[in-house]
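Pasted below: structure-v4.cif, mmCIF, C-alpha atoms.
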```cif
data_entry
loop_
_atom_site.label_atom_id
_atom_site.label_comp_id
_atom_site.auth_asym_id
_atom_site.auth_seq_id
_atom_site.Cartn_x
_atom_site.Cartn_y
_atom_site.Cartn_z
CA MET A 17 36.62 93.15 134.06
CA PHE A 18 37.02 93.61 130.30
CA MET A 19 39.11 96.67 129.42
CA PRO A 20 38.53 98.31 126.01
CA GLU A 21 42.07 98.30 124.74
CA SER A 22 43.98 96.61 121.97
CA VAL A 23 45.44 93.30 123.14
CA HIS A 24 46.84 90.71 120.78
CA TYR A 25 45.35 87.29 121.32
CA PRO A 26 47.91 84.82 122.71
CA VAL A 27 48.81 81.77 120.65
CA GLY A 28 48.02 78.43 122.23
CA ASP A 29 45.27 79.64 124.52
CA ALA A 30 43.87 76.92 126.80
CA ARG A 31 40.32 77.60 125.57
CA GLN A 32 41.18 76.52 122.05
CA PRO A 33 39.42 73.35 120.91
CA ALA A 34 41.06 70.30 119.48
CA GLN A 35 42.73 70.93 116.12
CA SER A 36 40.61 68.34 114.35
CA ARG A 37 37.28 70.02 115.08
CA PRO A 38 35.58 71.62 112.09
CA VAL A 39 34.98 75.36 111.92
CA ARG A 40 31.59 76.91 111.30
CA VAL A 41 32.05 79.87 108.96
CA ILE A 42 28.98 82.12 109.07
CA CYS A 43 28.60 85.29 107.01
CA VAL A 44 26.15 87.78 108.53
CA THR A 45 24.86 90.17 105.90
CA SER A 46 21.85 92.24 104.85
CA GLY A 47 20.33 93.75 101.75
CA LYS A 48 20.52 97.29 103.14
CA GLY A 49 22.30 99.13 105.90
CA GLY A 50 20.73 100.20 109.15
CA VAL A 51 19.02 96.91 110.02
CA GLY A 52 21.33 96.10 112.96
CA LYS A 53 23.59 93.58 111.22
CA THR A 54 26.79 94.49 113.08
CA ASN A 55 25.01 94.53 116.43
CA VAL A 56 23.70 91.05 115.68
CA THR A 57 27.17 89.79 114.76
CA VAL A 58 28.86 91.22 117.85
CA ASN A 59 26.27 89.85 120.27
CA LEU A 60 26.09 86.49 118.55
CA ALA A 61 29.88 86.20 118.82
CA LEU A 62 29.75 86.83 122.56
CA ALA A 63 26.75 84.52 123.08
CA LEU A 64 28.59 81.71 121.28
CA SER A 65 31.73 82.29 123.36
CA LEU A 66 29.67 82.04 126.54
CA GLN A 67 28.68 78.54 125.39
CA ASN A 68 32.35 77.53 125.35
CA GLN A 69 32.84 78.16 121.64
CA SER A 70 36.14 79.57 120.45
CA VAL A 71 35.05 82.49 118.26
CA MET A 72 36.69 84.84 115.80
CA LEU A 73 34.82 87.85 114.37
CA LEU A 74 35.99 89.28 111.06
CA ASP A 75 34.83 92.84 110.38
CA ALA A 76 34.43 92.60 106.61
CA ASP A 77 32.65 95.93 106.17
CA LEU A 78 35.93 97.09 104.74
CA GLY A 79 35.19 100.78 104.17
CA LEU A 80 32.78 101.53 107.03
CA ALA A 81 33.95 99.21 109.78
CA ASN A 82 32.50 99.65 113.27
CA VAL A 83 32.83 96.39 115.21
CA ASP A 84 35.70 97.91 117.20
CA VAL A 85 33.64 101.05 117.91
CA MET A 86 30.69 98.99 119.15
CA LEU A 87 32.95 97.28 121.68
CA GLY A 88 34.99 100.32 122.68
CA LEU A 89 38.20 98.85 121.25
CA ARG A 90 41.18 100.85 120.00
CA PRO A 91 43.12 98.55 117.66
CA LEU A 92 46.54 99.66 116.51
CA TYR A 93 46.23 97.92 113.15
CA ASN A 94 43.45 96.72 110.88
CA LEU A 95 42.82 94.96 107.59
CA SER A 96 44.09 97.92 105.57
CA HIS A 97 47.56 97.09 106.95
CA VAL A 98 47.11 93.48 105.78
CA ILE A 99 46.13 94.62 102.27
CA SER A 100 49.16 96.93 102.14
CA GLN A 101 51.32 94.05 103.44
CA GLU A 102 52.50 96.16 106.39
CA ARG A 103 51.20 93.59 108.87
CA SER A 104 50.20 89.94 108.80
CA LEU A 105 46.65 88.93 109.61
CA ALA A 106 47.77 87.47 112.93
CA GLU A 107 49.29 90.83 113.91
CA VAL A 108 46.03 92.77 113.56
CA ILE A 109 43.85 90.43 115.63
CA VAL A 110 42.74 91.90 118.97
CA SER A 111 40.99 90.38 121.97
CA GLY A 112 37.40 91.26 122.87
CA PRO A 113 35.08 90.37 125.75
CA ASN A 114 35.21 86.76 126.94
CA GLY A 115 38.17 86.04 124.70
CA ILE A 116 36.52 86.49 121.32
CA ARG A 117 39.11 87.34 118.68
CA ILE A 118 38.36 90.29 116.44
CA VAL A 119 39.86 91.14 113.07
CA PRO A 120 39.20 94.89 112.75
CA ALA A 121 38.73 96.67 109.44
CA SER A 122 39.28 100.30 108.53
CA SER A 123 36.67 103.03 108.52
CA GLY A 124 36.45 106.00 106.19
CA ILE A 125 39.08 104.71 103.76
CA LYS A 126 37.46 104.67 100.32
CA ARG A 127 40.17 102.43 98.88
CA MET A 128 39.16 99.59 101.21
CA ALA A 129 35.59 99.67 99.93
CA GLU A 130 36.81 99.32 96.34
CA LEU A 131 38.99 96.21 96.48
CA THR A 132 39.30 94.22 93.28
CA PRO A 133 38.10 90.59 93.19
CA GLN A 134 41.75 89.52 93.34
CA GLU A 135 42.36 91.66 96.44
CA ASN A 136 39.24 90.29 98.11
CA ALA A 137 40.43 86.77 97.33
CA GLY A 138 43.88 87.60 98.68
CA LEU A 139 42.37 88.87 101.92
CA VAL A 140 40.29 85.74 102.26
CA GLY A 141 43.34 83.62 101.50
CA ALA A 142 45.29 85.32 104.29
CA PHE A 143 43.26 83.28 106.78
CA SER A 144 45.17 80.23 105.69
CA GLU A 145 48.17 81.68 107.54
CA LEU A 146 46.46 81.48 110.92
CA ASN A 147 47.52 78.75 113.31
CA ASP A 148 44.69 79.32 115.78
CA SER A 149 42.02 76.68 116.17
CA LEU A 150 38.41 77.85 116.19
CA ASP A 151 34.87 76.64 116.58
CA VAL A 152 33.17 79.56 114.80
CA LEU A 153 34.31 82.25 112.40
CA LEU A 154 31.70 85.02 112.12
CA ILE A 155 31.96 87.46 109.22
CA ASP A 156 30.26 90.84 109.51
CA SER A 157 29.99 91.73 105.83
CA CYS A 158 28.93 95.06 104.44
CA ALA A 159 25.33 95.52 103.35
CA GLY A 160 24.21 95.31 99.74
CA ILE A 161 25.47 93.40 96.72
CA SER A 162 29.08 94.47 96.39
CA GLU A 163 31.93 92.20 95.29
CA SER A 164 33.01 91.94 98.93
CA VAL A 165 29.62 90.58 100.02
CA VAL A 166 29.68 88.00 97.22
CA THR A 167 33.24 86.92 98.04
CA PHE A 168 32.67 86.39 101.77
CA SER A 169 29.24 84.84 101.29
CA ARG A 170 30.58 82.27 98.84
CA ALA A 171 33.48 81.45 101.14
CA SER A 172 31.17 80.66 104.07
CA HIS A 173 29.24 77.58 105.09
CA GLU A 174 26.16 79.55 106.12
CA VAL A 175 24.83 82.96 105.11
CA MET A 176 22.60 84.69 107.65
CA VAL A 177 20.53 87.50 106.14
CA VAL A 178 19.36 90.05 108.72
CA VAL A 179 16.06 91.70 107.84
CA CYS A 180 13.72 94.08 109.64
CA ASP A 181 10.07 94.86 109.00
CA GLU A 182 10.55 97.67 106.50
CA PRO A 183 9.70 97.46 102.78
CA ALA A 184 13.21 98.49 101.72
CA SER A 185 14.82 95.91 103.99
CA ILE A 186 12.65 93.11 102.63
CA THR A 187 13.10 94.20 98.99
CA ASP A 188 16.87 94.52 99.32
CA ALA A 189 17.18 91.21 101.18
CA TYR A 190 15.36 89.54 98.30
CA ALA A 191 17.68 91.26 95.80
CA LEU A 192 20.74 89.97 97.66
CA ILE A 193 19.40 86.41 97.83
CA LYS A 194 18.48 86.56 94.12
CA LEU A 195 22.01 87.69 93.18
CA LEU A 196 23.73 85.00 95.24
CA SER A 197 21.34 82.36 93.95
CA GLN A 198 21.10 83.13 90.24
CA GLU A 199 24.63 84.35 89.60
CA HIS A 200 26.63 82.36 92.14
CA GLY A 201 24.69 79.13 92.67
CA MET A 202 23.91 79.56 96.38
CA ASP A 203 20.67 77.87 97.38
CA ARG A 204 20.38 77.99 101.19
CA PHE A 205 20.03 81.02 103.47
CA GLN A 206 19.34 81.60 107.15
CA ILE A 207 16.91 84.47 107.80
CA LEU A 208 17.02 86.44 111.06
CA ALA A 209 14.21 88.89 111.86
CA ASN A 210 15.64 91.83 113.79
CA ARG A 211 13.95 94.51 115.88
CA VAL A 212 10.52 92.89 115.96
CA ALA A 213 7.93 92.95 118.74
CA SER A 214 7.47 89.19 119.11
CA ALA A 215 8.24 85.76 117.71
CA GLN A 216 4.99 85.90 115.75
CA GLU A 217 5.94 89.20 114.13
CA GLY A 218 9.32 87.72 113.30
CA ARG A 219 7.73 84.73 111.58
CA GLU A 220 5.32 86.97 109.68
CA LEU A 221 8.29 88.98 108.43
CA PHE A 222 10.03 85.77 107.38
CA HIS A 223 6.96 84.62 105.48
CA LYS A 224 6.80 87.90 103.56
CA LEU A 225 10.27 87.16 102.23
CA LEU A 226 9.52 83.46 101.79
CA ARG A 227 6.44 84.06 99.64
CA VAL A 228 8.28 86.10 97.05
CA SER A 229 11.36 83.85 97.05
CA ASP A 230 9.23 80.71 96.63
CA ARG A 231 7.55 82.30 93.65
CA PHE A 232 10.63 83.46 91.76
CA LEU A 233 13.73 81.70 93.16
CA ASP A 234 14.92 78.14 93.63
CA VAL A 235 16.29 78.57 97.14
CA ALA A 236 15.69 77.24 100.64
CA LEU A 237 15.11 79.87 103.32
CA ASN A 238 15.26 78.90 106.99
CA PHE A 239 13.85 81.06 109.77
CA CYS A 240 16.64 80.94 112.33
CA GLY A 241 15.02 83.24 114.87
CA PHE A 242 14.27 86.81 115.89
CA ILE A 243 15.78 89.56 117.98
CA PRO A 244 13.16 91.69 119.76
CA GLU A 245 13.08 95.47 119.89
CA ASP A 246 14.72 96.21 123.23
CA PRO A 247 15.58 99.55 124.89
CA GLN A 248 18.35 97.83 126.85
CA LEU A 249 20.05 96.92 123.60
CA ARG A 250 20.09 100.61 122.67
CA LYS A 251 21.58 101.43 126.08
CA ALA A 252 24.30 98.84 125.48
CA VAL A 253 25.12 100.38 122.09
CA ARG A 254 25.51 103.82 123.65
CA ALA A 255 27.81 102.31 126.30
CA GLN A 256 29.85 100.55 123.57
CA ARG A 257 29.15 97.13 125.02
CA ALA A 258 27.41 94.00 123.81
CA VAL A 259 23.94 93.68 125.32
CA VAL A 260 24.72 90.04 126.12
CA GLU A 261 27.42 91.31 128.48
CA ALA A 262 25.85 94.58 129.68
CA PHE A 263 22.29 93.33 130.25
CA PRO A 264 22.46 89.52 130.32
CA ASN A 265 18.83 89.12 131.44
CA SER A 266 17.35 91.40 128.78
CA ARG A 267 14.95 90.13 126.13
CA SER A 268 17.47 90.69 123.36
CA ALA A 269 20.29 88.94 125.25
CA GLU A 270 18.05 85.91 125.78
CA ALA A 271 17.28 85.90 122.04
CA PHE A 272 20.97 85.87 121.18
CA HIS A 273 21.50 82.95 123.53
CA ARG A 274 18.65 81.06 121.83
CA LEU A 275 20.19 81.76 118.45
CA SER A 276 23.64 80.61 119.53
CA ALA A 277 22.22 77.42 121.04
CA GLN A 278 20.39 76.70 117.78
CA ILE A 279 23.58 77.18 115.77
CA ILE A 280 25.53 74.81 118.00
CA GLY A 281 22.81 72.21 118.42
CA ARG A 282 20.86 72.20 115.16
CA TRP A 283 22.87 73.62 112.29
CA PRO A 284 24.80 71.00 110.30
CA ILE A 285 28.45 70.61 111.21
CA PRO A 286 30.67 71.36 108.19
CA ARG A 287 32.76 68.43 107.03
CA ASP A 288 35.14 70.36 104.82
CA ALA A 289 35.78 73.75 103.27
CA SER A 290 33.05 75.01 100.98
CA GLY A 291 32.66 77.58 98.27
CA TYR A 292 34.96 78.48 95.43
CA LEU A 293 37.54 79.80 97.92
CA GLN A 294 38.18 76.55 99.72
CA PHE A 295 41.53 77.70 101.08
CA PHE A 296 39.63 80.32 103.14
CA ILE A 297 39.33 77.92 106.07
CA GLU A 298 41.76 75.23 104.99
CA ARG A 299 44.20 76.07 107.75
CA LEU A 300 41.42 76.27 110.33
CA ILE A 301 40.07 72.83 109.48
CA ASP A 302 43.40 71.19 108.67
CA PRO A 303 46.26 73.05 110.40
CA ALA A 304 48.75 70.80 108.60
CA GLY A 305 47.43 71.96 105.23
CA ARG A 306 49.56 74.21 103.08
CA LEU A 307 48.52 77.58 101.67
CA LYS A 308 47.14 77.17 98.17
CA GLU A 309 47.94 79.59 95.42
CA LEU A 310 45.21 82.06 94.56
CA ALA A 311 43.28 81.19 91.43
CA ALA A 312 43.93 83.52 88.56
#
```

Please re-express this file's structure in structure tokens.
Amino acid sequence: MFMPESVHYPVGDARQPAQSRPVRVICVTSGKGGVGKTNVTVNLALALSLQNQSVMLLDADLGLANVDVMLGLRPLYNLSHVISQERSLAEVIVSGPNGIRIVPASSGIKRMAELTPQENAGLVGAFSELNDSLDVLLIDSCAGISESVVTFSRASHEVMVVVCDEPASITDAYALIKLLSQEHGMDRFQILANRVASAQEGRELFHKLLRVSDRFLDVALNFCGFIPEDPQLRKAVRAQRAVVEAFPNSRSAEAFHRLSAQIIGRWPIPRDASGYLQFFIERLIDPAGRLKELAA
């Protein structure tokens, strides 16, 4: 039985994949808060791990982190200790359900929400120190259009934008996609409809966003699925557990399993590091690679 306590992940675990396998780096983000982004990330991480994927979850909502709270974890250290150089990245990683590795962030520390571009880049670069081999690195970014969101989105292979059927959610999702497209050259986004009644409602929500993006932006949006409104998911949140673990036969758990299967089976496999911060996953893809110096 999984115990909610801080346990450092052992090096050389038998579940680790071969070193040569590429790593999928997926940034989960949203235009506004309150759309269920962190819940999506946590449950997707567990669903992927249950399909024999070696998963790491980075809580990149640096000032208002809550991945550890959602899973009932009590980490001793977090990313604020990495920024202050009190601990290495490997020392703050804790183990979650089914062996997922979690990099916790701090909560309620204003300084962490105001990192400079150089500090964000340094944090991203710290991943080059890791020796662990992974299949998937999930990044739970903060909501909105902050420098942190831009940094982690650009350093990922895929950006999944979580949206719900509210005008503000749709408007802010469009604003985020517009920023990443027009100012940072990103042209492909995965769209996940959250808290909808059915697949049809999810597709209708996607098409609302697609119509405006097709009119004004040169981007490709892909509907990657939907997560239904589910009272059992709310029960799991109150119990500080992932719904995939707490209620494995629930509608929402089944949706997370469909999403994870699609990622493994249909999404393109990355061939190399992408984005302007290529060293972000250099060590994960090529463990023999050396840490590159941060660009000025």

Counting only C-alpha atoms, which residues in segment 212-272 of chain A sit no more than 8 Å from segment 181-202 of chain A? For each one, give the nearest pair of atoms and the distance in Å, sorted by chain then residue number, as a tab-separated table.
```
residue	atom	partner	partner_atom	distance
A:Val212	CA	A:Asp181	CA	7.2
A:Leu221	CA	A:Asp181	CA	6.2
A:Lys224	CA	A:Ile186	CA	7.9
A:Leu225	CA	A:Ile186	CA	6.4
A:Val228	CA	A:Tyr190	CA	8.0
A:Ser229	CA	A:Tyr190	CA	7.1
A:Leu233	CA	A:Lys194	CA	6.9
A:Asp234	CA	A:Ser197	CA	7.7
A:Val235	CA	A:Ser197	CA	7.1
```

Residues just named, written with C-alpha atoms as a PDB file, keeping the file's coordinate frame:
```pdb
ATOM      1  CA  VAL A 212      10.520  92.890 115.960  1.00  0.00           C
ATOM      2  CA  LEU A 221       8.290  88.980 108.430  1.00  0.00           C
ATOM      3  CA  LYS A 224       6.800  87.900 103.560  1.00  0.00           C
ATOM      4  CA  LEU A 225      10.270  87.160 102.230  1.00  0.00           C
ATOM      5  CA  VAL A 228       8.280  86.100  97.050  1.00  0.00           C
ATOM      6  CA  SER A 229      11.360  83.850  97.050  1.00  0.00           C
ATOM      7  CA  LEU A 233      13.730  81.700  93.160  1.00  0.00           C
ATOM      8  CA  ASP A 234      14.920  78.140  93.630  1.00  0.00           C
ATOM      9  CA  VAL A 235      16.290  78.570  97.140  1.00  0.00           C
TER      10      VAL A 235
END
```

Quote the spacing between atom CA of Leu150 of chain A and atom CA of Arg40 of chain A in Å to one decimal place. 8.4 Å

For the atom pair atom CA of Val51 of chain A and atom CA of Leu89 of chain A, what is the interatomic distance in Å to one decimal place?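 Atom-to-atom, atom CA of Val51 of chain A and atom CA of Leu89 of chain A are spaced 22.3 Å apart.
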
Evaluate the PyMOL selection byres ((chain A and resi 236) around 7) and record the selected residues as a count of residues only, following the chain and residue labels used in the document. 6

Determine, counting only C-alpha atoms, every residue of protein, DNA or RNA that lies within 10 Å of (19.4, 99.3, 127.4) in the file coordinates, then give the result as a PDB file with C-alpha atoms, in the frame of the given file.
```pdb
ATOM      1  CA  ASP A 246      14.720  96.210 123.230  1.00  0.00           C
ATOM      2  CA  PRO A 247      15.580  99.550 124.890  1.00  0.00           C
ATOM      3  CA  GLN A 248      18.350  97.830 126.850  1.00  0.00           C
ATOM      4  CA  LEU A 249      20.050  96.920 123.600  1.00  0.00           C
ATOM      5  CA  ARG A 250      20.090 100.610 122.670  1.00  0.00           C
ATOM      6  CA  LYS A 251      21.580 101.430 126.080  1.00  0.00           C
ATOM      7  CA  ALA A 252      24.300  98.840 125.480  1.00  0.00           C
ATOM      8  CA  VAL A 253      25.120 100.380 122.090  1.00  0.00           C
ATOM      9  CA  ARG A 254      25.510 103.820 123.650  1.00  0.00           C
ATOM     10  CA  ALA A 255      27.810 102.310 126.300  1.00  0.00           C
ATOM     11  CA  VAL A 259      23.940  93.680 125.320  1.00  0.00           C
ATOM     12  CA  ALA A 262      25.850  94.580 129.680  1.00  0.00           C
ATOM     13  CA  PHE A 263      22.290  93.330 130.250  1.00  0.00           C
ATOM     14  CA  SER A 266      17.350  91.400 128.780  1.00  0.00           C
ATOM     15  CA  SER A 268      17.470  90.690 123.360  1.00  0.00           C
TER      16      SER A 268
END
```

Given the file shown, enumerate the residues that the PyMOL selection byres ((chain A and resi 62) around 9) captures and present them as a PyMOL selection string. chain A and resi 57-61+63-67+71+112-116+258+260-261+272

Pick out the closest residue to Gly52 of chain A from this set: A:Ser100, A:Asn82, A:Thr167, A:Gln278. Count only C-alpha atoms.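 For Gly52 of chain A, the nearest of the given residues is A:Asn82.
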
Nearest candidate to Arg90 of chain A (options A:Thr54, A:Ser162, A:Ser149, A:Gln256; using all atoms listed in the file): A:Gln256

Option closest in space to Arg282 of chain A, from A:Val179, A:Cys240, A:Arg211, A:Arg257 [counting all atoms listed in the file]: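 Ranked by minimum distance to Arg282 of chain A, first place goes to A:Cys240.
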
Would you pick out the contacts of Ala76 of chain A at 8 Å or less, using only C-alpha atoms, so that residues sharing its chain but fewer than 5 positions from it are not included, and give the list as a CSV table (one decimal) with C-alpha atoms, keeping the file's coordinate frame?
```csv
chain,number,residue,atom,x,y,z
A,81,ALA,CA,34.0,99.2,109.8
A,121,ALA,CA,38.7,96.7,109.4
A,155,ILE,CA,32.0,87.5,109.2
A,156,ASP,CA,30.3,90.8,109.5
A,157,SER,CA,30.0,91.7,105.8
A,158,CYS,CA,28.9,95.1,104.4
A,164,SER,CA,33.0,91.9,98.9
```

Atom CA of Gly241 of chain A to atom CA of Arg227 of chain A, straight-line distance in Å: 17.5 Å

Using the chain letters and numbers from the file, which residues does the PyMOL selection byres ((chain A and resi 46) around 6) grab, as a ChimeraX atom specification? /A:45,47-48,159,177-178

Dig up all the protein and nucleic acid residues within 10 Å of (15.9, 89.7, 119.0) in the file frame, using only C-alpha atoms, and format them as a PDB file with C-alpha atoms, in the coordinates of the input.
```pdb
ATOM      1  CA  VAL A  56      23.700  91.050 115.680  1.00  0.00           C
ATOM      2  CA  LEU A 208      17.020  86.440 111.060  1.00  0.00           C
ATOM      3  CA  ALA A 209      14.210  88.890 111.860  1.00  0.00           C
ATOM      4  CA  ASN A 210      15.640  91.830 113.790  1.00  0.00           C
ATOM      5  CA  ARG A 211      13.950  94.510 115.880  1.00  0.00           C
ATOM      6  CA  VAL A 212      10.520  92.890 115.960  1.00  0.00           C
ATOM      7  CA  ALA A 213       7.930  92.950 118.740  1.00  0.00           C
ATOM      8  CA  SER A 214       7.470  89.190 119.110  1.00  0.00           C
ATOM      9  CA  ALA A 215       8.240  85.760 117.710  1.00  0.00           C
ATOM     10  CA  GLY A 218       9.320  87.720 113.300  1.00  0.00           C
ATOM     11  CA  GLY A 241      15.020  83.240 114.870  1.00  0.00           C
ATOM     12  CA  PHE A 242      14.270  86.810 115.890  1.00  0.00           C
ATOM     13  CA  ILE A 243      15.780  89.560 117.980  1.00  0.00           C
ATOM     14  CA  PRO A 244      13.160  91.690 119.760  1.00  0.00           C
ATOM     15  CA  GLU A 245      13.080  95.470 119.890  1.00  0.00           C
ATOM     16  CA  ASP A 246      14.720  96.210 123.230  1.00  0.00           C
ATOM     17  CA  LEU A 249      20.050  96.920 123.600  1.00  0.00           C
ATOM     18  CA  ARG A 267      14.950  90.130 126.130  1.00  0.00           C
ATOM     19  CA  SER A 268      17.470  90.690 123.360  1.00  0.00           C
ATOM     20  CA  ALA A 269      20.290  88.940 125.250  1.00  0.00           C
ATOM     21  CA  GLU A 270      18.050  85.910 125.780  1.00  0.00           C
ATOM     22  CA  ALA A 271      17.280  85.900 122.040  1.00  0.00           C
ATOM     23  CA  PHE A 272      20.970  85.870 121.180  1.00  0.00           C
ATOM     24  CA  HIS A 273      21.500  82.950 123.530  1.00  0.00           C
ATOM     25  CA  ARG A 274      18.650  81.060 121.830  1.00  0.00           C
ATOM     26  CA  LEU A 275      20.190  81.760 118.450  1.00  0.00           C
TER      27      LEU A 275
END
```
